[in-house]
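Source file start-v1.txt; content: compact mmCIF, C-alpha atoms.
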```txt
# COMPACT_ATOMS: atom_id res chain seq x y z
CA MET A 1 83.25 35.78 63.02
CA GLU A 2 79.79 35.27 61.56
CA LEU A 3 78.88 31.58 61.45
CA MET A 4 76.34 30.32 58.99
CA PRO A 5 73.76 27.64 59.90
CA PRO A 6 75.14 24.09 59.65
CA GLY A 7 73.26 23.33 56.45
CA ALA A 8 74.74 26.37 54.72
CA TRP A 9 78.36 25.45 55.31
CA CYS A 10 78.66 22.63 52.82
CA GLY A 11 77.35 22.17 49.32
CA LYS A 12 76.06 18.99 47.81
CA ALA A 13 78.49 16.19 47.10
CA GLN A 14 78.23 13.32 44.71
CA GLY A 15 74.89 11.62 45.15
CA GLY A 16 73.29 14.70 46.74
CA SER A 17 74.20 13.78 50.36
CA ARG A 18 75.43 16.23 52.99
CA PRO A 19 77.84 15.71 55.86
CA GLN A 20 76.80 15.92 59.49
CA LEU A 21 77.97 19.12 61.21
CA HIS A 22 78.12 19.73 64.95
CA GLY A 23 78.99 22.99 66.66
CA GLY A 24 81.99 22.68 68.99
CA GLY A 25 82.11 26.23 70.38
CA GLU A 26 82.75 29.72 69.13
CA ASN A 27 84.24 29.68 65.63
CA VAL A 28 84.61 25.87 65.79
CA PHE A 29 82.65 23.17 63.97
CA PHE A 30 83.01 19.44 63.41
CA LEU A 31 82.56 17.52 60.16
CA VAL A 32 81.59 13.88 60.79
CA THR A 33 83.26 11.41 58.43
CA ASN A 34 83.07 8.13 60.40
CA PHE A 35 81.30 6.70 63.46
CA LEU A 36 80.69 3.60 65.61
CA VAL A 37 77.28 2.97 67.17
CA THR A 38 76.25 0.98 70.24
CA PRO A 39 72.44 0.69 69.97
CA GLU A 40 69.72 0.28 72.62
CA GLN A 41 71.67 0.51 75.84
CA VAL A 42 69.79 0.31 79.15
CA GLN A 43 70.87 0.59 82.77
CA GLY A 44 71.72 -2.84 84.20
CA ARG A 45 74.45 -5.43 84.86
CA CYS A 46 76.68 -6.89 82.14
CA PRO A 47 80.28 -8.12 81.53
CA GLU A 48 82.99 -5.50 81.01
CA HIS A 49 84.75 -5.39 77.65
CA PRO A 50 88.06 -7.36 77.58
CA SER A 51 89.96 -4.36 76.15
CA ILE A 52 89.51 -2.43 79.40
CA PRO A 53 92.52 -2.69 81.80
CA LEU A 54 91.97 -5.01 84.82
CA ALA A 55 88.72 -6.27 83.31
CA ASN A 56 89.85 -9.88 82.67
CA CYS A 57 89.47 -12.28 85.58
CA TRP A 58 89.60 -15.97 86.64
CA ALA A 59 87.62 -15.79 89.87
CA ASP A 60 85.48 -13.40 91.87
CA GLN A 61 88.52 -12.38 93.93
CA ASP A 62 89.91 -10.67 90.83
CA CYS A 63 86.95 -8.26 90.76
CA PRO A 64 86.78 -6.16 93.98
CA GLU A 65 83.26 -4.89 94.51
CA GLY A 66 82.83 -1.15 94.00
CA GLU A 67 86.09 -0.72 92.09
CA THR A 68 86.12 1.38 88.93
CA GLY A 69 88.85 2.44 86.53
CA THR A 70 89.58 5.40 84.30
CA HIS A 71 88.38 3.62 81.15
CA SER A 72 85.79 1.40 82.80
CA HIS A 73 82.18 1.50 81.60
CA GLY A 74 80.72 1.03 85.10
CA ILE A 75 81.25 -0.09 88.68
CA LYS A 76 82.36 -3.66 89.45
CA THR A 77 79.81 -5.85 91.21
CA GLY A 78 82.37 -8.35 92.55
CA GLN A 79 81.41 -11.13 90.13
CA CYS A 80 83.55 -12.73 87.42
CA VAL A 81 81.32 -13.71 84.49
CA VAL A 82 81.71 -15.05 80.95
CA PHE A 83 82.07 -12.39 78.25
CA ASN A 84 82.37 -14.82 75.29
CA GLY A 85 83.86 -18.21 74.53
CA THR A 86 87.44 -17.06 75.11
CA HIS A 87 87.21 -14.33 77.78
CA ARG A 88 85.95 -13.98 81.34
CA THR A 89 85.59 -10.44 82.62
CA CYS A 90 84.37 -8.63 85.71
CA GLU A 91 80.69 -7.80 85.84
CA ILE A 92 79.80 -4.09 86.01
CA ARG A 93 76.73 -2.00 86.75
CA GLY A 94 76.12 0.63 84.03
CA TRP A 95 74.87 1.05 80.50
CA CYS A 96 74.56 -2.38 78.91
CA PRO A 97 75.69 -3.81 76.58
CA VAL A 98 79.02 -2.03 76.89
CA GLU A 99 80.61 -0.14 74.02
CA SER A 100 82.73 -2.15 71.61
CA GLY A 101 86.40 -1.26 71.44
CA ALA A 102 86.62 -1.91 67.70
CA VAL A 103 88.64 0.45 65.50
CA PRO A 104 87.10 1.56 62.16
CA VAL A 105 88.72 0.08 59.07
CA LYS A 106 87.59 2.55 56.42
CA PRO A 107 85.79 5.92 56.49
CA LEU A 108 82.06 5.86 55.90
CA LEU A 109 81.90 9.32 54.33
CA LEU A 110 84.91 9.47 52.04
CA GLN A 111 83.03 11.59 49.49
CA ALA A 112 83.08 14.52 51.95
CA GLU A 113 86.40 15.41 50.32
CA ASN A 114 84.45 17.17 47.55
CA PHE A 115 82.18 19.12 49.88
CA THR A 116 82.60 22.88 50.00
CA LEU A 117 82.90 25.13 53.02
CA PHE A 118 81.66 28.75 52.93
CA ILE A 119 83.28 30.96 55.57
CA LYS A 120 81.76 34.42 56.00
CA ASN A 121 83.79 36.79 58.15
CA THR A 122 83.33 40.48 58.94
CA VAL A 123 86.06 42.57 60.56
CA THR A 124 85.43 45.91 62.30
CA PHE A 125 87.95 48.56 63.43
CA SER A 126 85.84 50.81 65.62
CA LYS A 127 88.61 53.39 66.14
CA PHE A 128 88.56 54.21 62.43
CA ASN A 129 84.83 53.51 61.99
CA PHE A 130 85.68 50.92 59.34
CA SER A 131 84.09 47.54 58.61
CA LYS A 132 84.57 45.04 55.83
CA SER A 133 83.55 41.48 54.92
CA ASN A 134 85.57 38.81 53.19
CA ALA A 135 82.62 38.06 50.89
CA LEU A 136 82.67 40.17 47.74
CA ASP A 137 79.79 42.54 47.16
CA THR A 138 78.67 41.18 43.82
CA GLN A 139 75.37 41.16 41.96
CA ASP A 140 76.08 37.82 40.32
CA PRO A 141 73.89 35.19 42.06
CA THR A 142 76.04 32.34 40.75
CA TYR A 143 79.40 33.70 41.94
CA PHE A 144 79.55 31.86 45.26
CA LYS A 145 78.20 28.66 43.68
CA LEU A 146 80.92 28.51 41.05
CA CYS A 147 84.02 30.08 42.62
CA ARG A 148 86.53 28.06 44.65
CA TYR A 149 89.32 29.49 46.76
CA ASP A 150 92.77 29.36 45.22
CA PRO A 151 95.69 31.40 46.62
CA ARG A 152 96.80 32.40 43.11
CA SER A 153 93.84 32.46 40.74
CA SER A 154 90.98 33.22 43.17
CA PRO A 155 92.28 34.53 46.53
CA ALA A 156 89.09 36.54 47.30
CA CYS A 157 86.64 33.61 47.05
CA PRO A 158 85.45 32.50 50.55
CA VAL A 159 84.30 29.05 49.36
CA PHE A 160 86.76 26.25 50.17
CA ARG A 161 86.85 22.65 48.96
CA ILE A 162 87.40 20.37 51.98
CA GLY A 163 90.01 18.21 50.26
CA ASP A 164 92.03 21.25 49.14
CA LEU A 165 91.82 22.81 52.58
CA VAL A 166 93.14 19.66 54.29
CA ALA A 167 95.93 19.33 51.71
CA ALA A 168 96.96 22.97 52.25
CA ALA A 169 97.23 22.23 55.98
CA GLY A 170 99.64 19.34 55.29
CA GLY A 171 97.27 16.41 55.89
CA VAL A 172 95.77 13.54 53.89
CA PHE A 173 92.00 13.55 53.76
CA GLU A 174 91.62 9.74 53.79
CA ASP A 175 93.59 9.49 57.06
CA LEU A 176 91.67 12.29 58.76
CA ALA A 177 88.35 10.91 57.56
CA LEU A 178 89.15 7.50 59.12
CA LEU A 179 90.31 8.47 62.63
CA GLY A 180 89.60 12.19 62.67
CA GLY A 181 91.80 15.23 63.06
CA ALA A 182 91.86 18.97 63.67
CA VAL A 183 92.63 21.72 61.15
CA GLY A 184 93.19 25.38 61.99
CA VAL A 185 92.00 28.10 59.59
CA HIS A 186 93.68 31.45 60.23
CA ILE A 187 92.18 34.59 58.65
CA ARG A 188 94.56 37.54 58.94
CA TRP A 189 93.57 41.12 58.12
CA ASP A 190 96.37 43.67 57.56
CA CYS A 191 94.78 46.94 56.42
CA ASP A 192 96.28 50.24 55.30
CA LEU A 193 93.31 52.60 55.55
CA ASP A 194 95.07 55.55 53.88
CA SER A 195 94.05 54.06 50.55
CA GLY A 196 90.53 53.17 51.70
CA SER A 197 89.21 49.63 51.49
CA ALA A 198 91.30 48.79 48.42
CA ASP A 199 94.26 47.75 50.59
CA CYS A 200 92.31 45.70 53.13
CA ARG A 201 92.01 42.06 52.09
CA PRO A 202 92.04 38.85 54.16
CA GLN A 203 94.95 36.42 54.00
CA TYR A 204 94.21 32.72 54.65
CA SER A 205 96.56 30.14 56.14
CA PHE A 206 95.93 26.53 57.24
CA GLN A 207 97.60 24.31 59.84
CA LEU A 208 97.15 20.65 60.79
CA GLN A 209 96.73 20.59 64.59
CA GLU A 210 95.84 16.95 65.37
CA ARG A 211 95.84 13.66 63.44
CA SER A 212 93.23 11.89 65.56
CA TYR A 213 90.01 13.28 66.97
CA ASN A 214 86.70 11.80 68.15
CA PHE A 215 84.00 12.29 70.74
CA ARG A 216 80.86 10.50 71.96
CA THR A 217 77.24 11.55 71.95
CA ALA A 218 73.99 9.69 72.69
CA THR A 219 70.31 9.79 71.84
CA HIS A 220 67.99 9.00 74.80
CA TRP A 221 64.39 7.85 74.91
CA TRP A 222 61.97 5.98 77.21
CA GLU A 223 60.75 2.48 76.50
CA SER A 224 57.08 1.57 76.83
CA SER A 225 57.92 -0.26 80.04
CA GLY A 226 59.25 2.97 81.57
CA VAL A 227 62.93 2.06 81.19
CA GLU A 228 65.35 4.70 79.90
CA ALA A 229 67.33 3.66 76.83
CA ARG A 230 69.91 5.25 74.58
CA SER A 231 72.01 4.75 71.44
CA LEU A 232 75.67 5.67 71.92
CA LEU A 233 77.59 7.17 68.97
CA LYS A 234 81.37 7.49 68.78
CA LEU A 235 82.00 10.11 66.08
CA TYR A 236 85.18 10.52 64.05
CA GLY A 237 85.76 13.52 61.82
CA ILE A 238 87.58 16.78 61.18
CA ARG A 239 87.36 19.68 63.60
CA PHE A 240 87.86 23.12 62.07
CA ASP A 241 89.14 25.89 64.36
CA ILE A 242 88.74 29.33 62.79
CA LEU A 243 90.95 32.10 64.15
CA VAL A 244 90.57 35.72 63.01
CA THR A 245 93.21 38.39 63.71
CA GLY A 246 93.73 41.81 62.22
CA ARG A 247 95.31 45.22 62.47
CA ALA A 248 94.74 48.52 60.71
CA GLY A 249 96.76 51.71 60.37
CA LYS A 250 96.13 55.24 59.24
CA PHE A 251 98.39 58.28 58.98
CA GLY A 252 98.02 60.86 61.76
CA LEU A 253 99.91 64.17 61.98
CA ILE A 254 100.03 64.49 65.78
CA PRO A 255 101.37 60.93 66.47
CA THR A 256 103.95 61.45 63.72
CA LEU A 257 105.22 64.72 65.27
CA ILE A 258 105.39 63.10 68.71
CA SER A 259 107.40 60.19 67.32
CA LEU A 260 109.80 62.53 65.49
CA GLY A 261 110.33 64.65 68.61
CA THR A 262 110.98 61.59 70.75
CA GLY A 263 113.45 60.25 68.19
CA ALA A 264 115.31 63.57 68.02
CA ALA A 265 115.57 63.70 71.81
CA TRP A 266 117.01 60.19 71.97
CA LEU A 267 119.45 61.02 69.17
CA GLY A 268 120.69 64.03 71.16
CA VAL A 269 121.20 61.93 74.29
CA VAL A 270 123.11 59.26 72.38
CA SER A 271 125.29 61.86 70.62
CA ALA A 272 126.18 63.58 73.92
CA ALA A 273 127.04 60.25 75.52
CA SER A 274 129.22 59.32 72.53
CA VAL A 275 131.13 62.63 72.68
CA GLY A 276 131.72 62.28 76.42
CA LYS A 277 132.93 58.70 76.01
CA HIS A 278 135.56 59.57 73.36
CA ALA A 279 136.84 62.82 74.92
CA PRO A 280 140.71 62.76 75.38
CA GLY A 281 142.14 62.42 78.88
CA PRO A 282 145.50 63.20 80.44
CA LEU A 283 148.46 61.51 78.76
CA ASP A 284 146.10 59.86 76.32
CA GLY A 285 147.47 59.02 72.90
CA SER A 286 144.15 59.85 71.21
CA ALA A 287 143.77 62.97 69.20
CA GLY A 288 142.25 65.98 70.94
CA PRO A 289 141.57 69.63 70.33
CA PRO A 290 144.39 71.87 69.05
CA MET A 291 146.80 73.09 71.75
CA SER A 292 148.30 76.55 71.86
CA GLY A 293 151.02 78.05 74.01
CA LEU A 294 152.85 74.80 74.80
CA VAL A 295 156.08 75.99 76.43
CA GLY A 296 156.14 79.03 74.21
CA GLY A 297 154.76 79.66 70.75
CA GLY A 298 153.59 77.08 68.23
CA LEU A 299 155.82 75.03 65.95
CA GLY A 300 157.52 77.35 63.58
CA GLY A 301 155.19 80.22 64.52
CA GLY A 302 155.06 83.10 66.83
CA PRO A 303 153.39 83.30 70.22
CA GLY A 304 149.89 81.92 70.25
CA ALA A 305 150.39 79.59 67.25
CA GLN A 306 148.39 76.37 67.61
CA LEU A 307 149.79 72.87 67.65
CA GLY A 308 147.12 71.03 65.62
CA PRO A 309 146.82 68.46 62.84
CA ALA A 310 147.94 70.99 60.24
CA ALA A 311 151.06 71.97 62.20
CA CYS A 312 152.02 68.46 63.33
CA ARG A 313 153.68 66.96 60.26
CA SER A 314 156.46 64.93 61.90
CA PRO A 315 155.80 61.30 62.95
CA SER A 316 157.38 62.09 66.32
CA CYS A 317 155.03 64.98 67.03
CA VAL A 318 152.61 64.51 69.98
CA THR A 319 149.59 66.62 70.80
CA CYS A 320 149.08 67.06 74.54
CA CYS A 321 146.47 69.30 76.09
CA CYS A 322 146.90 68.49 79.81
CA CYS A 323 150.68 68.30 80.24
CA MET A 324 153.22 70.39 82.20
CA TRP A 325 156.90 70.77 81.30
CA THR A 326 159.54 71.15 84.01
CA GLU A 327 163.17 72.05 83.38
CA LYS A 328 166.31 70.64 84.96
CA ARG A 329 169.67 72.25 84.24
CA THR A 330 172.51 69.97 83.28
CA SER A 331 176.06 70.61 82.19
CA THR A 332 177.99 68.82 79.47
CA GLY A 333 181.16 70.91 79.55
CA GLY A 334 180.05 73.06 76.67
CA ALA A 335 176.78 74.78 76.12
CA SER A 336 174.44 74.34 79.00
CA THR A 337 171.45 72.12 78.37
CA ARG A 338 168.16 71.47 80.10
CA ARG A 339 166.21 68.24 80.12
CA GLN A 340 162.49 68.33 80.28
CA ARG A 341 160.22 65.85 82.13
CA LEU A 342 156.58 65.39 81.23
CA GLN A 343 154.26 65.65 84.23
CA ARG A 344 150.50 65.65 84.75
CA GLY A 345 148.88 69.03 85.04
CA PRO A 346 147.83 72.02 82.98
CA PRO A 347 150.19 73.35 80.32
CA THR A 348 152.67 75.98 81.49
CA PRO A 349 153.32 78.85 79.09
CA SER A 350 156.90 79.75 78.21
CA ARG A 351 158.73 82.19 75.96
CA ARG A 352 160.74 79.56 74.12
CA SER A 353 159.81 78.18 70.74
CA TRP A 354 160.09 74.41 70.31
CA TYR A 355 160.64 72.48 67.10
CA PRO A 356 161.67 68.91 66.26
CA HIS A 357 165.41 68.27 66.25
CA PRO A 358 166.54 66.67 62.94
CA ARG A 359 168.92 64.31 64.78
CA ALA A 360 166.56 63.45 67.57
CA ARG A 361 166.56 59.78 68.45
CA PRO A 362 163.04 58.53 69.39
CA SER A 363 162.72 57.03 72.84
CA ARG A 364 159.95 55.00 74.51
CA GLY A 365 156.86 57.10 75.02
CA LEU A 366 153.29 56.70 75.99
CA ARG A 367 151.65 53.28 75.41
CA GLY A 368 154.74 51.83 73.73
CA ARG A 369 154.86 54.45 70.96
CA PRO A 370 158.07 56.43 70.29
CA ALA A 371 158.07 59.77 72.10
CA PRO A 372 159.28 62.96 70.43
CA VAL A 373 162.63 64.56 71.23
CA LEU A 374 162.53 68.29 70.83
CA THR A 375 165.27 70.94 70.91
CA ALA A 376 165.23 74.65 71.65
CA THR A 377 167.74 77.36 70.91
CA VAL A 378 168.08 80.46 73.14
CA ALA A 379 170.74 83.12 73.61
CA SER A 380 172.61 81.41 76.45
CA GLY A 381 173.01 77.98 74.89
CA SER A 382 171.30 74.86 73.56
CA TRP A 383 168.80 72.76 75.49
CA THR A 384 167.67 69.27 74.56
CA PRO A 385 164.41 68.37 76.34
CA LYS A 386 163.32 64.71 76.48
CA LEU A 387 160.04 63.10 77.37
CA TRP A 388 160.58 60.84 80.36
CA PRO A 389 158.23 57.92 80.81
CA HIS A 390 156.16 57.80 84.02
```

Write the structure described by the file as structure tokens, please.
Amino acid sequence: MELMPPGAWCGKAQGGSRPQLHGGGENVFFLVTNFLVTPEQVQGRCPEHPSIPLANCWADQDCPEGETGTHSHGIKTGQCVVFNGTHRTCEIRGWCPVESGAVPVKPLLLQAENFTLFIKNTVTFSKFNFSKSNALDTQDPTYFKLCRYDPRSSPACPVFRIGDLVAAAGGVFEDLALLGGAVGVHIRWDCDLDSGSADCRPQYSFQLQERSYNFRTATHWWESSGVEARSLLKLYGIRFDILVTGRAGKFGLIPTLISLGTGAAWLGVVSAASVGKHAPGPLDGSAGPPMSGLVGGGLGGGPGAQLGPAACRSPSCVTCCCCMWTEKRTSTGGASTRRQRLQRGPPTPSRRSWYPHPRARPSRGLRGRPAPVLTATVASGSWTPKLWPH
């Protein structure tokens, strides 16, 4: 941030007067709009002001010698003296007469609302060897005298009217001029250097930080008698805190390739984890890869036919890739039958061909779903296998 001399910050107001400016630190300045003065103070003994806590008294016992308070103007001498016709206060040793605790009634520099503030800021991005100022490079000598910042009509003008600036921050100038306040001015640079300096402009924002602000200062001198004297000033006004932030970007081939490679690697890890998470397990009702050779050939096909989504058309059809069928011979007086029980384990190949029985009655199967009932026909008789629940 490049600060101008105090006299260059503000233009002339009505009547040709200028406000008083005081530096408050880096990128901070103070505009005085009101003050209270306590003239010609000297070191001595005098009554404390009645507005100070524990300053009022009735006797000397109410004023312990050597006592001092946070807001006291000096050290108590142990005496209770008359302050005026209505108050008695403790006597102190310090700068006398003490400061008055009066509150200002109206601002003394209300016309400072029409003063102008010129903020000159230069931003530098050393990595890209780029630098730019918020002040336009113009050959017109009257440009900065006539232009005024406006977010819509004149966003590039760095000259601000004090009243407009305070209003944009959400404050009322008359109130801040009376008791003081603090306003933050934020200059934000967001630059895309691929298009050069055309896409690198400052953005201004304003914020009201405090509604009351003042400080004290004094002017000292020596009297002809060799006594030090001073005039104490309590200054009210508006403190401006200027904050500058910025960032700049430019396309680079190597960082782009690194980012793409890192993204592809993460995508591969996530895809592998997703496939492993949804892989079918034993006796799981989820769909899995096609199964071949389940107790013989596929449905309606020869040996090696696959039992997959295309072959499984019946609602009672189940695809199982980790199942083992066992046979148990039973007798019903006629053709011998065998009942099958579903067990965990790898599939066992067989020479029989299975197909859904048209009269099969669905029974309870895995996870509450109806299990299929299959039949098989061989030379020695008819078998009706059933899926038994575990």

I'd like the contact shell of segment 143-158 of chain A - 8 Å cut-off, all atoms listed in the file, skipping same-chain residues fewer than 4 positions apart - returned as a PDB file with C-alpha atoms, in the frame of the given file.
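Output file part-v7.pdb is given in full below:
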```
ATOM      1  CA  PHE A 118      81.660  28.750  52.930  1.00  0.00           C
ATOM      2  CA  ILE A 119      83.280  30.960  55.570  1.00  0.00           C
ATOM      3  CA  LYS A 120      81.760  34.420  56.000  1.00  0.00           C
ATOM      4  CA  ASN A 134      85.570  38.810  53.190  1.00  0.00           C
ATOM      5  CA  ALA A 135      82.620  38.060  50.890  1.00  0.00           C
ATOM      6  CA  LEU A 136      82.670  40.170  47.740  1.00  0.00           C
ATOM      7  CA  THR A 138      78.670  41.180  43.820  1.00  0.00           C
ATOM      8  CA  ARG A 201      92.010  42.060  52.090  1.00  0.00           C
ATOM      9  CA  PRO A 202      92.040  38.850  54.160  1.00  0.00           C
TER      10      PRO A 202
END
```

I'd like to know which of A:Val166, A:Val37, A:Val172, A:Val98 is closest to Ala218 of chain A, using only C-alpha atoms. A:Val37

So, counting only C-alpha atoms, which residue among A:Trp221, A:Phe160, A:Phe215, A:Phe125 is closest to Asp192 of chain A?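 Distance minimum relative to Asp192 of chain A lands on A:Phe125.
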
Please measure the separation of atom CA of Pro53 of chain A and atom CA of Thr33 of chain A, giving the value in Å to one decimal. 28.8 Å

One decimal place gives the atom CA of Leu260 of chain A-atom CA of Ala273 of chain A separation as 20.1 Å

Atom CA of Val123 of chain A and atom CA of Leu257 of chain A, how far apart in Å?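 Taking atom CA of Leu257 of chain A as the start and atom CA of Val123 of chain A as the end point, the length is 29.7 Å.
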
Within-9 Å shell of (90.3, 33.6, 55.9) in input frame, all atoms listed in the file, as a list in words: Ile119, Lys120, Asn121, Asn134, Pro158, Val185, His186, Ile187, Arg188, Trp189, Pro202, Gln203, Tyr204, Ser205, Ile242, Leu243 and Val244 of chain A

Non-local contacts of Cys46 of chain A (7 Å; only C-alpha atoms; under 5 positions in same chain excluded) as an NGL selection string: :A and (91-93 or 96-97)

Step by step: start from the point (78.7, -5.9, 92.7) in the file's coordinates, keep every protein, DNA or RNA residue that has an atom no farther than 12 Å from it, count only C-alpha atoms, and write the set as a list in words.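 Output: Gly44, Arg45, Cys46, Pro47, Asp60, Gln61, Cys63, Pro64, Glu65, Gly66, Glu67, Thr68, Gly74, Ile75, Lys76, Thr77, Gly78, Gln79, Cys80, Val81, Cys90, Glu91, Ile92, Arg93 and Gly94 of chain A.
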
Can you tell me, as AutoDock Vina command-line options, the centre and edge lengths (Å, one decimal) of the axis-aligned box enclosing all of segment 169-185 of chain A's listed atoms after padding each side by 6 Å?
```
--center_x 94.0 --center_y 17.8 --center_z 58.7 --size_x 23.3 --size_y 32.6 --size_z 21.9
```
